[in-house]
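Participant: Structure incoming, see below.
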Amino acid sequence: MTEWTNEPGLCPLRSSGPRPAGLGAQAEVEETLKRIQSHKGVIGTMVVNAEGIPIRTTLDNSTTVQYAGLLHQLTVKARSTVRDIDPQNDLTFLRIRSKKHEIMVAPDKEYLLIVIQNPCE
Amino acid sequence: MATRVQPWQLCPAGSAGAEALATGGAASPEGPGRPGPLQDETLGVASVPSQWRGVQGIRRETRSCQTASISTAEKAAQTRKHVDAQVQTEAPVPVSVPPTSLHDDPRLAAFLRRVEAMVIRELNKNWQSHAFDGFEVNWTEQQPTVTCLHTLGYPPAQGQGLHVTSVSWNTTGSVVACAYGRLDDGDWSTLKSFVCAWNLDRRGLNPRQPSAVVEVPSAVMCLAFHPTQPSHVAGGLYSGEVLVWDVSNPEDPLLWRTGLTDDTHTDPVYQVVWLPEPRHSHRFQVLSVATDGKVLLWQGLGAGQLQLTDGFALVVQQLPRNAKLKKPPRGETEVGATAVAFSSFDPRLFVLGTEGGFPLKCSLAAEEAALTRMPSSVPLRAPAQLTFSPHGGPIYSVSCSPFHRNLFLSAGTDGHIHLYSMLQAQPLASLQLSHKYLFAVRWSPVRPLVFAAASGEGDVQLFDLQKSSQKPTVSIKQTQDESPVYCLEFNCQRTQLLAAGDAEGTVKVWQLSTEFTEQGPRETEDLEQLAAEVAT
């Protein structure tokens, strides 16, 4: 299988047909994040890897790093709490409701998706 | 010994005779040559034998005691391994997000595909949910009323009849400083005045003894603590000078001064503000505003001299003509500025309050040169971009909202507070708070709809626009004899504290009730709504 570079200008046969794997995945990631971000009331979206390092974000740097570090620790703690109570159970979703907004964390083996929404009252 | 007393003749010398009589019982000291009337005789000894002494003998017993021997044991302890550790605080490094790596994309895409549906479902449910309507949690102890925590004063200054002209909290929120001067003096005064600072965290805080006192040769009209250095404070004097002190150094507190040069203000400086430098945002310069119409930016140089780096001058001819202003008296071209407030959203935008009663919207980036004949080492520019419609008298205080980019308040001698939007010249709302002057107005740093005003009737009025837009929610009586309250400042670190200084020379630190310090859920939106609906 030929390897395509990721610069659109250099692929002359791109008019139709399946996209190469790397380019397609990136576009899909961007589209999904944009869909989530454009939802009603969403203030910010970010993806954090297993070590707590942010990979994608729509907020500014300092806020992102703060959210990523703190929520990663909290997710690890929440997951261990659930599994300690019942080892057959596992964490599927984490929601924190505060006075000003709601933080939703979708955990996974490798990544965390964090969405901050300002719900209407 | 018994003696026989025989009749005898009195001797002519009284005391000698008495002595002879007293010792007459014993053998006469004169010797046998003189036959005395008294004679000595020795009789037998009469003795009474003891009746009990022979009966009771002395009994003796021997007892002894001895402490048991002390047992001792030897033990020794020794650390077998040790590790060296050091602790060092470092200045925080600005963090940056590492660049994304392209190799993760397929796995990332797969992850997002897995969770997207669930997240969207939760977002939708949340948007429509009424589960938390009216649900509120109390984390802190509720304080129902406003109480006076401290009443601080400096007796020598109060004895001179000085007023507190300005208060300021430092960057950590634990030290409050006040400046003494007089606000009702019309002429140049040379009375000495003081800048006092109290550290509220110190044990044994004595309200009549400040932690630091600085003597100043002229009355101090305004004060501002440095935004990052907890002990540096800048002050503006009645003589037009601007000084910077270090209150932690009691020997020599003066750090920088402008001196009396051509550049210095020629009128009292009514407000000083610290601004970050344009290129080095961790260093700060001082902006001073005075009634001679100049707004000057000073930079502290090493030799203790404040150097003028930039300046603006307000000239009547250069004011924007969008609002109808009273025609100024002939010959006067300067517009005196009495108050300044910087916008929290745009660091170059500021609002000036003037003696003519109209606020001015100004920008640090203005280019036009000022038509002034005042001498200056740095070319002065005309900063005004928009003139707002005036109050009925000079403005004493302006304050920009920390939550809304366009709203600001101004308070003046007509007893009214005007709420302006930067976008239009007419005020959005006008509230009459007092029949006397209003000296200070400040937005609350935590509640978007709350502000406080200091009135000439001696009270501090707290307004909550959410509750009532006509009358104050709480009116705190600061002075008993209705002497005015001249200044007030919220404490941005400890948000329940409010300091206010009055004409009696005391600074009172008020602790606000929780309704003034805890933000409700939708206040920022309510503020925007208020701005929008009042503007139309």
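Labeling convention for the structure tokens: chains A, B, ... as they appear, residues from 1 per chain, ligands from 1 in order of appearance.
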Counting only C-alpha atoms, a student should be able to say which residues of chain A come within 7 Å of chain B; what is the right answer, written as a PyMOL selection string?

Facilitator: chain A and resi 22+25-26+28-29+36+54-55+61-62+99-100+106+119-121

Participant: Write the residues you've just listed into a file as a PDB file, in the first residue's frame, and include N, CA and C atoms for each of them.

Facilitator:
```pdb
ATOM      1  N   GLY A  22      -4.203   7.905   7.460  1.00  0.00           N
ATOM      2  CA  GLY A  22      -3.797   8.961   8.407  1.00  0.00           C
ATOM      3  C   GLY A  22      -4.632  10.219   8.244  1.00  0.00           C
ATOM      4  N   ALA A  25      -8.334   9.869   9.479  1.00  0.00           N
ATOM      5  CA  ALA A  25      -8.523   9.825  10.930  1.00  0.00           C
ATOM      6  C   ALA A  25      -8.454  11.226  11.513  1.00  0.00           C
ATOM      7  N   GLN A  26      -7.512  12.018  11.012  1.00  0.00           N
ATOM      8  CA  GLN A  26      -7.371  13.358  11.564  1.00  0.00           C
ATOM      9  C   GLN A  26      -8.619  14.189  11.301  1.00  0.00           C
ATOM     10  N   GLU A  28     -11.564  13.074  10.767  1.00  0.00           N
ATOM     11  CA  GLU A  28     -12.688  12.563  11.553  1.00  0.00           C
ATOM     12  C   GLU A  28     -12.625  13.084  12.984  1.00  0.00           C
ATOM     13  N   VAL A  29     -11.406  13.104  13.535  1.00  0.00           N
ATOM     14  CA  VAL A  29     -11.239  13.612  14.905  1.00  0.00           C
ATOM     15  C   VAL A  29     -11.706  15.049  14.989  1.00  0.00           C
ATOM     16  N   ILE A  36     -19.184  18.139  18.868  1.00  0.00           N
ATOM     17  CA  ILE A  36     -19.424  18.204  20.313  1.00  0.00           C
ATOM     18  C   ILE A  36     -19.345  19.656  20.786  1.00  0.00           C
ATOM     19  N   PRO A  54      -2.817  16.918  27.806  1.00  0.00           N
ATOM     20  CA  PRO A  54      -3.865  17.247  26.830  1.00  0.00           C
ATOM     21  C   PRO A  54      -3.373  17.094  25.395  1.00  0.00           C
ATOM     22  N   ILE A  55      -4.238  16.514  24.574  1.00  0.00           N
ATOM     23  CA  ILE A  55      -3.868  16.287  23.178  1.00  0.00           C
ATOM     24  C   ILE A  55      -4.602  17.253  22.266  1.00  0.00           C
ATOM     25  N   ASN A  61      -4.331  27.568  26.851  1.00  0.00           N
ATOM     26  CA  ASN A  61      -3.340  26.635  27.391  1.00  0.00           C
ATOM     27  C   ASN A  61      -3.401  26.432  28.885  1.00  0.00           C
ATOM     28  N   SER A  62      -3.408  27.533  29.625  1.00  0.00           N
ATOM     29  CA  SER A  62      -3.290  27.366  31.080  1.00  0.00           C
ATOM     30  C   SER A  62      -4.530  26.690  31.644  1.00  0.00           C
ATOM     31  N   LYS A  99     -21.821  25.160  40.635  1.00  0.00           N
ATOM     32  CA  LYS A  99     -22.760  26.286  40.569  1.00  0.00           C
ATOM     33  C   LYS A  99     -22.817  26.868  39.169  1.00  0.00           C
ATOM     34  N   LYS A 100     -21.656  26.936  38.535  1.00  0.00           N
ATOM     35  CA  LYS A 100     -21.606  27.656  37.275  1.00  0.00           C
ATOM     36  C   LYS A 100     -21.781  26.771  36.051  1.00  0.00           C
ATOM     37  N   ALA A 106     -15.681  11.396  29.836  1.00  0.00           N
ATOM     38  CA  ALA A 106     -15.889  10.052  29.297  1.00  0.00           C
ATOM     39  C   ALA A 106     -14.543   9.350  29.326  1.00  0.00           C
ATOM     40  N   PRO A 119     -25.300  24.450  31.544  1.00  0.00           N
ATOM     41  CA  PRO A 119     -26.680  24.052  31.273  1.00  0.00           C
ATOM     42  C   PRO A 119     -27.643  25.198  31.578  1.00  0.00           C
ATOM     43  N   CYS A 120     -28.769  25.214  30.903  1.00  0.00           N
ATOM     44  CA  CYS A 120     -29.741  26.268  31.181  1.00  0.00           C
ATOM     45  C   CYS A 120     -30.511  25.899  32.430  1.00  0.00           C
ATOM     46  N   GLU A 121     -30.900  26.884  33.219  1.00  0.00           N
ATOM     47  CA  GLU A 121     -31.572  26.615  34.488  1.00  0.00           C
ATOM     48  C   GLU A 121     -33.065  26.638  34.323  1.00  0.00           C
TER      49      GLU A 121
END
```

Participant: Within 10 Å of Glu368 (chain B), counting only C-alpha atoms, which residues qualify if same-chain residues fewer than 4 places away don't, as a list in words?

Facilitator: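 Everything that qualifies: Phe312, Gln318, Leu380, Arg381, Ala382, Pro383 and Ala384 of chain B.
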
Participant: Generate a file of the selected residues that holds N, CA, C and O atoms, formatted as a PDB file, in the first residue's frame.

Facilitator:
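Result saved to out_4.pdb:
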```pdb
ATOM      1  N   PHE B 312      -0.347  62.153  28.869  1.00  0.00           N
ATOM      2  CA  PHE B 312      -1.487  62.628  28.102  1.00  0.00           C
ATOM      3  C   PHE B 312      -1.946  63.934  28.719  1.00  0.00           C
ATOM      4  O   PHE B 312      -1.807  64.141  29.918  1.00  0.00           O
ATOM      5  N   GLN B 318      -9.807  69.725  22.381  1.00  0.00           N
ATOM      6  CA  GLN B 318      -9.638  68.426  21.749  1.00  0.00           C
ATOM      7  C   GLN B 318     -10.624  67.384  22.237  1.00  0.00           C
ATOM      8  O   GLN B 318     -10.516  66.223  21.880  1.00  0.00           O
ATOM      9  N   LEU B 380       3.127  65.037  24.926  1.00  0.00           N
ATOM     10  CA  LEU B 380       1.857  64.637  25.511  1.00  0.00           C
ATOM     11  C   LEU B 380       0.832  64.429  24.415  1.00  0.00           C
ATOM     12  O   LEU B 380       0.808  65.160  23.432  1.00  0.00           O
ATOM     13  N   ARG B 381      -0.026  63.426  24.617  1.00  0.00           N
ATOM     14  CA  ARG B 381      -1.019  63.121  23.590  1.00  0.00           C
ATOM     15  C   ARG B 381      -2.417  63.351  24.137  1.00  0.00           C
ATOM     16  O   ARG B 381      -2.631  63.409  25.349  1.00  0.00           O
ATOM     17  N   ALA B 382      -3.348  63.460  23.228  1.00  0.00           N
ATOM     18  CA  ALA B 382      -4.746  63.648  23.635  1.00  0.00           C
ATOM     19  C   ALA B 382      -5.415  62.286  23.640  1.00  0.00           C
ATOM     20  O   ALA B 382      -5.552  61.657  22.598  1.00  0.00           O
ATOM     21  N   PRO B 383      -5.861  61.798  24.778  1.00  0.00           N
ATOM     22  CA  PRO B 383      -6.331  60.414  24.835  1.00  0.00           C
ATOM     23  C   PRO B 383      -7.816  60.220  24.597  1.00  0.00           C
ATOM     24  O   PRO B 383      -8.260  59.101  24.422  1.00  0.00           O
ATOM     25  N   ALA B 384      -8.610  61.299  24.630  1.00  0.00           N
ATOM     26  CA  ALA B 384     -10.062  61.113  24.706  1.00  0.00           C
ATOM     27  C   ALA B 384     -10.642  60.645  23.379  1.00  0.00           C
ATOM     28  O   ALA B 384     -10.302  61.171  22.319  1.00  0.00           O
TER      29      ALA B 384
END
```

Participant: Near Gly456 (chain B), counting only C-alpha atoms, which residues have an atom at most 8 Å away, once you skip same-chain residues fewer than 5 positions from it, shown as an MDAnalysis selection string?

Facilitator: chainID B and resid 434 436:439 482:486

Participant: Could you check the closest approach to His39 (chain A) for each of B:Arg121, B:Gln466, B:Ser71, B:Leu349 and tell me which residue wins, using only C-alpha atoms?

Facilitator: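 Once distances to His39 (chain A) are computed over only C-alpha atoms, the minimum belongs to B:Arg121.
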
Participant: Using DSSP secondary structure from the backbone, list all helix (DSSP H, G or I) positions within region 120-162 of chain B, as a ChimeraX atom specification.

Facilitator: /B:120-128,155-159

Participant: Which one of B:Val146, B:Ser174, B:Val398, B:Ser363 sits closest to Ser475 (chain B) if you count only C-alpha atoms?

Facilitator: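 Checking each of B:Val146, B:Ser174, B:Val398, B:Ser363 against Ser475 (chain B), counting only C-alpha atoms, the winner is B:Val146.
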
Participant: Between CA of Glu251 (chain B) and CA of Val233 (chain B), what is the distance in Å, rounded to a tenth?

Facilitator: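 Atom-to-atom, CA of Glu251 (chain B) and CA of Val233 (chain B) are spaced 15.7 Å apart.
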
Participant: Need to verify the contact set: Val105 (chain A), 7 Å, only C-alpha atoms, exclusion of same-chain residues closer than 3 positions in sequence. Can you return it as a ChimeraX atom specification?

Facilitator: /A:93-95,112-115

Participant: With only C-alpha atoms as the counted atoms, please give the residues lying no more than 6 Å from Val42 (chain A), apart from itself and same-chain residues fewer than 5 positions off, as a compact mmCIF listing (two decimals) with N, CA, C and O atoms, in the first residue's frame.

Facilitator:
```txt
# COMPACT_ATOMS: atom_id res chain seq x y z
N GLN A 37 -18.36 20.38 20.28
CA GLN A 37 -18.16 21.75 20.72
C GLN A 37 -19.33 22.64 20.34
O GLN A 37 -19.66 23.59 21.05
N ILE A 116 -17.13 20.64 28.94
CA ILE A 116 -17.64 21.56 29.96
C ILE A 116 -18.86 22.26 29.37
O ILE A 116 -18.77 22.92 28.33
N GLN A 117 -20.00 22.09 30.06
CA GLN A 117 -21.24 22.65 29.52
C GLN A 117 -21.87 23.59 30.53
O GLN A 117 -21.82 23.36 31.73
```

Participant: For Leu191 (chain B), find every residue with an atom within 10 Å (counting only C-alpha atoms), except residues of its own chain fewer than 6 positions away, and show them as number ranges by chain.

Facilitator: B: 160, 162, 181-182, 216-219

Participant: If I take CA of Gly356 (chain B) and CA of Pro394 (chain B), how far is one from the other in Å, to one decimal?

Facilitator: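 Answer for the CA of Gly356 (chain B) to CA of Pro394 (chain B) separation: 5.4 Å.
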
Participant: Write out as a PyMOL selection string each polymer residue whose atoms come within 8 Å of Gly393 (chain B), counting only C-alpha atoms; drop sequence neighbours fewer than 6 positions from it.

Facilitator: chain B and resi 355-357+412-414

Participant: May I have the selected residues written with all heavy atoms, as a compact mmCIF listing (two decimals), in the first residue's frame?

Facilitator:
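Produced file selection_19.txt, reproduced below:
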```txt
# COMPACT_ATOMS: atom_id res chain seq x y z
N GLU B 355 -13.48 67.18 36.30
CA GLU B 355 -14.08 68.20 37.15
C GLU B 355 -15.34 68.75 36.53
O GLU B 355 -16.21 69.29 37.21
CB GLU B 355 -13.09 69.36 37.32
CG GLU B 355 -12.13 69.14 38.44
CD GLU B 355 -11.20 70.31 38.61
OE1 GLU B 355 -10.86 70.96 37.61
OE2 GLU B 355 -10.82 70.57 39.75
N GLY B 356 -15.45 68.65 35.21
CA GLY B 356 -16.63 69.17 34.54
C GLY B 356 -17.83 68.24 34.68
O GLY B 356 -18.93 68.57 34.26
N GLY B 357 -17.62 67.05 35.25
CA GLY B 357 -18.74 66.14 35.48
C GLY B 357 -18.98 65.15 34.38
O GLY B 357 -19.90 64.34 34.47
N GLY B 412 -20.62 61.34 41.63
CA GLY B 412 -20.17 62.73 41.70
C GLY B 412 -20.80 63.51 42.82
O GLY B 412 -21.50 62.97 43.68
N THR B 413 -20.59 64.83 42.78
CA THR B 413 -21.06 65.66 43.86
C THR B 413 -22.55 65.92 43.80
O THR B 413 -23.11 66.51 44.71
CB THR B 413 -20.35 67.02 43.82
OG1 THR B 413 -20.56 67.59 42.55
CG2 THR B 413 -18.88 66.87 44.06
N ASP B 414 -23.22 65.49 42.73
CA ASP B 414 -24.66 65.71 42.69
C ASP B 414 -25.41 64.60 43.41
O ASP B 414 -26.63 64.56 43.38
CB ASP B 414 -25.14 65.81 41.24
CG ASP B 414 -24.75 64.61 40.42
OD1 ASP B 414 -24.00 63.75 40.94
OD2 ASP B 414 -25.18 64.51 39.26
```

Participant: How many Å lie between CA of Glu525 (chain B) and CA of Thr171 (chain B), rounded to one decimal?

Facilitator: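 It comes out at 28.6 Å.
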